[in-house]
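Let me begin by presenting the structure, written as structure tokens, before commenting on it.
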Amino acid sequence: MASYLTNIKRDISRWREAGLIDAETARALSLDAERNSGGSVSFGSVLAMMAAALFAAAVLIFVAANWEEFPRLARVAMLFSLILAGYAGGAALKLSGREAAGEGAWLVAAAGFGASIALIAQIYHMSGDEAEAVLVWCAGTALAAAMLRSGALTAGAALLAGAWMLMKASEGWALHGLPLSYLALAAALYALSFWTRSVLARHLLLLSLYLFVFLFYWRDESSFAAPLLLIAAAVAAFVVARLHPAGARRVSGLGAELPVQALAGFLAGIGIIQIALTDKPDFVYPTVAAFAGIVAALLVEGRDNRALRWFAYAAFAFNLCFLYVVMLGTMMDTAAFFLLAGLTLSALAWLIARFERRIAADEKALAGGAA
């Protein structure tokens, strides 16, 4: 299934050719679709972001390596010049139409801001918590994202928030300080992502919340309340997305990827329980639930969502491998398990091929009817 942006642009072209809309309206509709689709990810954009990250790393390593050679005032001026040049240059690039290059320059400026926190603290021998420094870096990046309406900076702030959560949770190499305030921080960044139209930031925040649930359970291991709550929320999101797709996708801001995230959340919650019950006979129950959830998602949503189909196939294969690793030490006859696994995979391959052929035939029939 093609992406939303590809489909809508194809429909706009068809409407224009049919005389339903004029060229100016078609151009306006295409521009609006591009602006509100969460931003397409092109190979050039990916290379620009990678170049920005490498450039930032090169500048910071060069400064750190030659730090003692620069006077104190020159060090501070160099850092602030990097920040100013990054933000101003990024704005100029954005205004000239080079979106990816502009976002990359802003990322370099955000990296310079983070470096300035650490290096200025080193200059003036300021003592403090490293995790709190990362939190300040996150707040500064989020503020810049809001002011510049930058999706890349919002994603960067989401990554920094996740890093702060991990640093607080693992202080002293022990999971004892898991910050519950991270939930409020994640909610604030999720709300910011709607202003900056950063779908990537939303996905990163949801993935970090799955990690948060895992760490929350790992901290006390007293009950399955946290993973069960995650499972219930994921199932509810999947059901709402199926019954009220337009409203659910608009509220979540995930578009057609909402069912995929719901399935990922369901499997994350199930996975926590599976890991906890690895050495117990009850391990089979969450495993069966995982397979049942994957099959149910495929039957309900798989026909209209290619991303969910491929994610479900990968999840099925992963769970099968995980089941083998767990059961390998307890099975009397490993060959029997290989035989069973081979038969299962053969049946799965046959079902997938049949499923894909049926979907292709339906799409072809619909295309023929539209023509």
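All residue names refer to the structure tokens as shown: chains lettered A, B, ... in order, residues numbered from 1 in each chain, ligands numbered from 1 in order.
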
Write out as an NGL selection string which residues come within 10 Å of stretch 213-223 of chain A when counting only C-alpha atoms, dropping same-chain ones fewer than 4 positions away. :A and (166 or 169-170 or 174-180 or 208-209 or 227-230 or 268-269 or 271-273 or 276)

Could those residues be written to a file, using C-alpha atoms, as a PDB file, in the first residue's frame?
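Contents of the output file again24.pdb:
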ATOM      1  CA  LEU A 166      17.972   6.267  31.272  1.00  0.00           C
ATOM      2  CA  ALA A 169      17.150   5.285  36.116  1.00  0.00           C
ATOM      3  CA  SER A 170      20.640   3.779  36.066  1.00  0.00           C
ATOM      4  CA  ALA A 174      21.104   0.196  39.665  1.00  0.00           C
ATOM      5  CA  LEU A 175      17.517   0.783  38.621  1.00  0.00           C
ATOM      6  CA  HIS A 176      16.370   2.721  41.641  1.00  0.00           C
ATOM      7  CA  GLY A 177      15.700   6.272  40.504  1.00  0.00           C
ATOM      8  CA  LEU A 178      13.309   5.836  37.575  1.00  0.00           C
ATOM      9  CA  PRO A 179      11.870   9.363  37.170  1.00  0.00           C
ATOM     10  CA  LEU A 180       8.073   9.340  37.026  1.00  0.00           C
ATOM     11  CA  SER A 208      10.766   5.370  24.975  1.00  0.00           C
ATOM     12  CA  LEU A 209       7.532   4.828  26.909  1.00  0.00           C
ATOM     13  CA  PRO A 227       2.977  -4.304  31.249  1.00  0.00           C
ATOM     14  CA  LEU A 228      -0.707  -5.280  31.536  1.00  0.00           C
ATOM     15  CA  LEU A 229      -1.664  -1.600  31.484  1.00  0.00           C
ATOM     16  CA  LEU A 230       0.492  -1.136  28.378  1.00  0.00           C
ATOM     17  CA  ALA A 268       6.273  -4.865  24.150  1.00  0.00           C
ATOM     18  CA  GLY A 269       3.941  -5.532  27.075  1.00  0.00           C
ATOM     19  CA  GLY A 271       7.471  -9.380  25.805  1.00  0.00           C
ATOM     20  CA  ILE A 272       8.044  -8.097  29.335  1.00  0.00           C
ATOM     21  CA  ILE A 273       5.850 -10.878  30.705  1.00  0.00           C
ATOM     22  CA  ALA A 276       9.785 -12.628  33.353  1.00  0.00           C
TER      23      ALA A 276
END

For A:Leu200: contacts at 9 Å, only C-alpha atoms, fewer than 6 positions along chain excluded, given as a list in words: Gly38, Gly151, Ala152, Thr154, Ala155 and Ser193 of chain A

Write the residues you've just listed into a file as a CSV table (one decimal), in the first residue's frame, and include C-alpha atoms for each of them.
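Wrote it out as result36.csv, contents follow:
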chain,number,residue,atom,x,y,z
A,38,GLY,CA,4.4,14.7,8.7
A,151,GLY,CA,10.7,18.6,13.4
A,152,ALA,CA,14.3,17.5,13.5
A,154,THR,CA,11.8,18.0,18.2
A,155,ALA,CA,13.1,14.5,17.5
A,193,SER,CA,5.4,17.5,18.0

At a cut-off of 9 Å, using only C-alpha atoms, what residues contact A:Phe238? Leave out same-chain residues fewer than 6 positions from it and give the result as a tab-separated table (two decimals) with N, CA, C and O atoms, in the first residue's frame.
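The result, written out as result.tsv:
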chain	number	residue	atom	x	y	z
A	258	LEU	N	-0.66	4.29	13.17
A	258	LEU	CA	-1.19	4.05	14.51
A	258	LEU	C	-1.39	2.57	14.81
A	258	LEU	O	-0.99	2.09	15.88
A	259	PRO	N	-2.00	1.77	13.90
A	259	PRO	CA	-2.13	0.34	14.21
A	259	PRO	C	-0.79	-0.36	14.39
A	259	PRO	O	-0.67	-1.29	15.20
A	260	VAL	N	0.24	0.08	13.67
A	260	VAL	CA	1.56	-0.52	13.82
A	260	VAL	C	2.11	-0.25	15.22
A	260	VAL	O	2.64	-1.14	15.89
A	261	GLN	N	1.97	1.01	15.66
A	261	GLN	CA	2.44	1.35	17.01
A	261	GLN	C	1.61	0.62	18.07
A	261	GLN	O	2.17	0.22	19.10
A	262	ALA	N	0.32	0.46	17.83
A	262	ALA	CA	-0.50	-0.28	18.78
A	262	ALA	C	-0.05	-1.73	18.90
A	262	ALA	O	0.06	-2.27	20.01
A	263	LEU	N	0.25	-2.36	17.77
A	263	LEU	CA	0.75	-3.73	17.80
A	263	LEU	C	2.11	-3.79	18.48
A	263	LEU	O	2.40	-4.72	19.25
A	297	ALA	N	-4.21	-9.02	14.42
A	297	ALA	CA	-3.90	-7.75	13.77
A	297	ALA	C	-3.82	-7.90	12.26
A	297	ALA	O	-4.29	-7.04	11.51

With DSSP run on the backbone, what are the alpha helix (DSSP H) residues within stretch 62-161 of chain A? I'd like them as a ChimeraX atom specification. /A:62-65,72-95,99-123,130-148,151-161

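From atom CA of A:Ile270 back to atom CA of A:Val326, the distance works out to 15.3 Å.
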
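For the residues A:Ile294, A:Ala191, A:Met165, A:Ala236, ranking by smallest atom-to-atom distance to A:Leu308 using only C-alpha atoms places A:Ile294 first.
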
Within 12 Å of stretch 130-141 of chain A: each stretch 186-290 of chain A residue with its shortest pair, only C-alpha atoms, as a tab-separated table:
residue	atom	partner	partner_atom	distance
A:Ala186	CA	A:Cys138	CA	11.3
A:Ala188	CA	A:Ala139	CA	10.7
A:Leu189	CA	A:Ala139	CA	9.8
A:Leu192	CA	A:Thr141	CA	11.7

Taking into account only C-alpha atoms, which residue in the set A:Ala317, A:Ala74, A:Ala105, A:Val295 is nearest to A:Tyr87?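 That would be A:Ala105, the residue with the smallest distance to A:Tyr87.
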
Would you work out the distance separating atom CA of A:Gly114 from atom CA of A:Arg98, expressed in Å to one decimal?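 Atom-to-atom, atom CA of A:Gly114 to atom CA of A:Arg98, that is 24.9 Å.
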
Fewer than 3 positions away in the same chain doesn't count, so skip those; otherwise give me all residues within 9 Å of A:Phe80, counting only C-alpha atoms, as a PDB file with N, CA and C atoms, in the first residue's frame.
ATOM      1  N   ARG A  75      37.260  30.355  23.930  1.00  0.00           N
ATOM      2  CA  ARG A  75      36.475  29.126  23.998  1.00  0.00           C
ATOM      3  C   ARG A  75      34.985  29.428  24.038  1.00  0.00           C
ATOM      4  N   VAL A  76      34.635  30.351  24.930  1.00  0.00           N
ATOM      5  CA  VAL A  76      33.214  30.708  25.059  1.00  0.00           C
ATOM      6  C   VAL A  76      32.704  31.338  23.761  1.00  0.00           C
ATOM      7  N   ALA A  77      33.493  32.228  23.171  1.00  0.00           N
ATOM      8  CA  ALA A  77      33.082  32.881  21.924  1.00  0.00           C
ATOM      9  C   ALA A  77      32.918  31.871  20.803  1.00  0.00           C
ATOM     10  N   ILE A  83      26.742  28.151  17.816  1.00  0.00           N
ATOM     11  CA  ILE A  83      25.288  28.112  18.019  1.00  0.00           C
ATOM     12  C   ILE A  83      24.603  29.152  17.140  1.00  0.00           C
ATOM     13  N   LEU A  84      25.121  30.389  17.154  1.00  0.00           N
ATOM     14  CA  LEU A  84      24.513  31.470  16.370  1.00  0.00           C
ATOM     15  C   LEU A  84      24.575  31.168  14.877  1.00  0.00           C
ATOM     16  N   ALA A  85      25.735  30.705  14.421  1.00  0.00           N
ATOM     17  CA  ALA A  85      25.882  30.405  12.991  1.00  0.00           C
ATOM     18  C   ALA A  85      24.953  29.268  12.580  1.00  0.00           C
ATOM     19  N   GLY A 112      25.996  22.117  19.495  1.00  0.00           N
ATOM     20  CA  GLY A 112      26.864  23.126  20.082  1.00  0.00           C
ATOM     21  C   GLY A 112      26.348  23.621  21.420  1.00  0.00           C
ATOM     22  N   PHE A 113      25.021  23.726  21.560  1.00  0.00           N
ATOM     23  CA  PHE A 113      24.435  24.134  22.834  1.00  0.00           C
ATOM     24  C   PHE A 113      24.729  23.099  23.915  1.00  0.00           C
ATOM     25  N   SER A 116      28.333  23.326  24.890  1.00  0.00           N
ATOM     26  CA  SER A 116      28.627  24.516  25.687  1.00  0.00           C
ATOM     27  C   SER A 116      28.269  24.313  27.149  1.00  0.00           C
TER      28      SER A 116
END

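Nearest to A:Ala233 of all the residues A:Leu82, A:Leu267, A:Ala146, A:Ala92 is A:Leu267, counting only C-alpha atoms.
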
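Reported to one decimal place, the separation of atom CA of A:Glu17 from atom CA of A:Leu29 is 14.5 Å.
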
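Nearest to A:Phe212 of all the residues A:Ala161, A:Val251, A:Val240, A:Val235 is A:Ala161, based on only C-alpha atoms.
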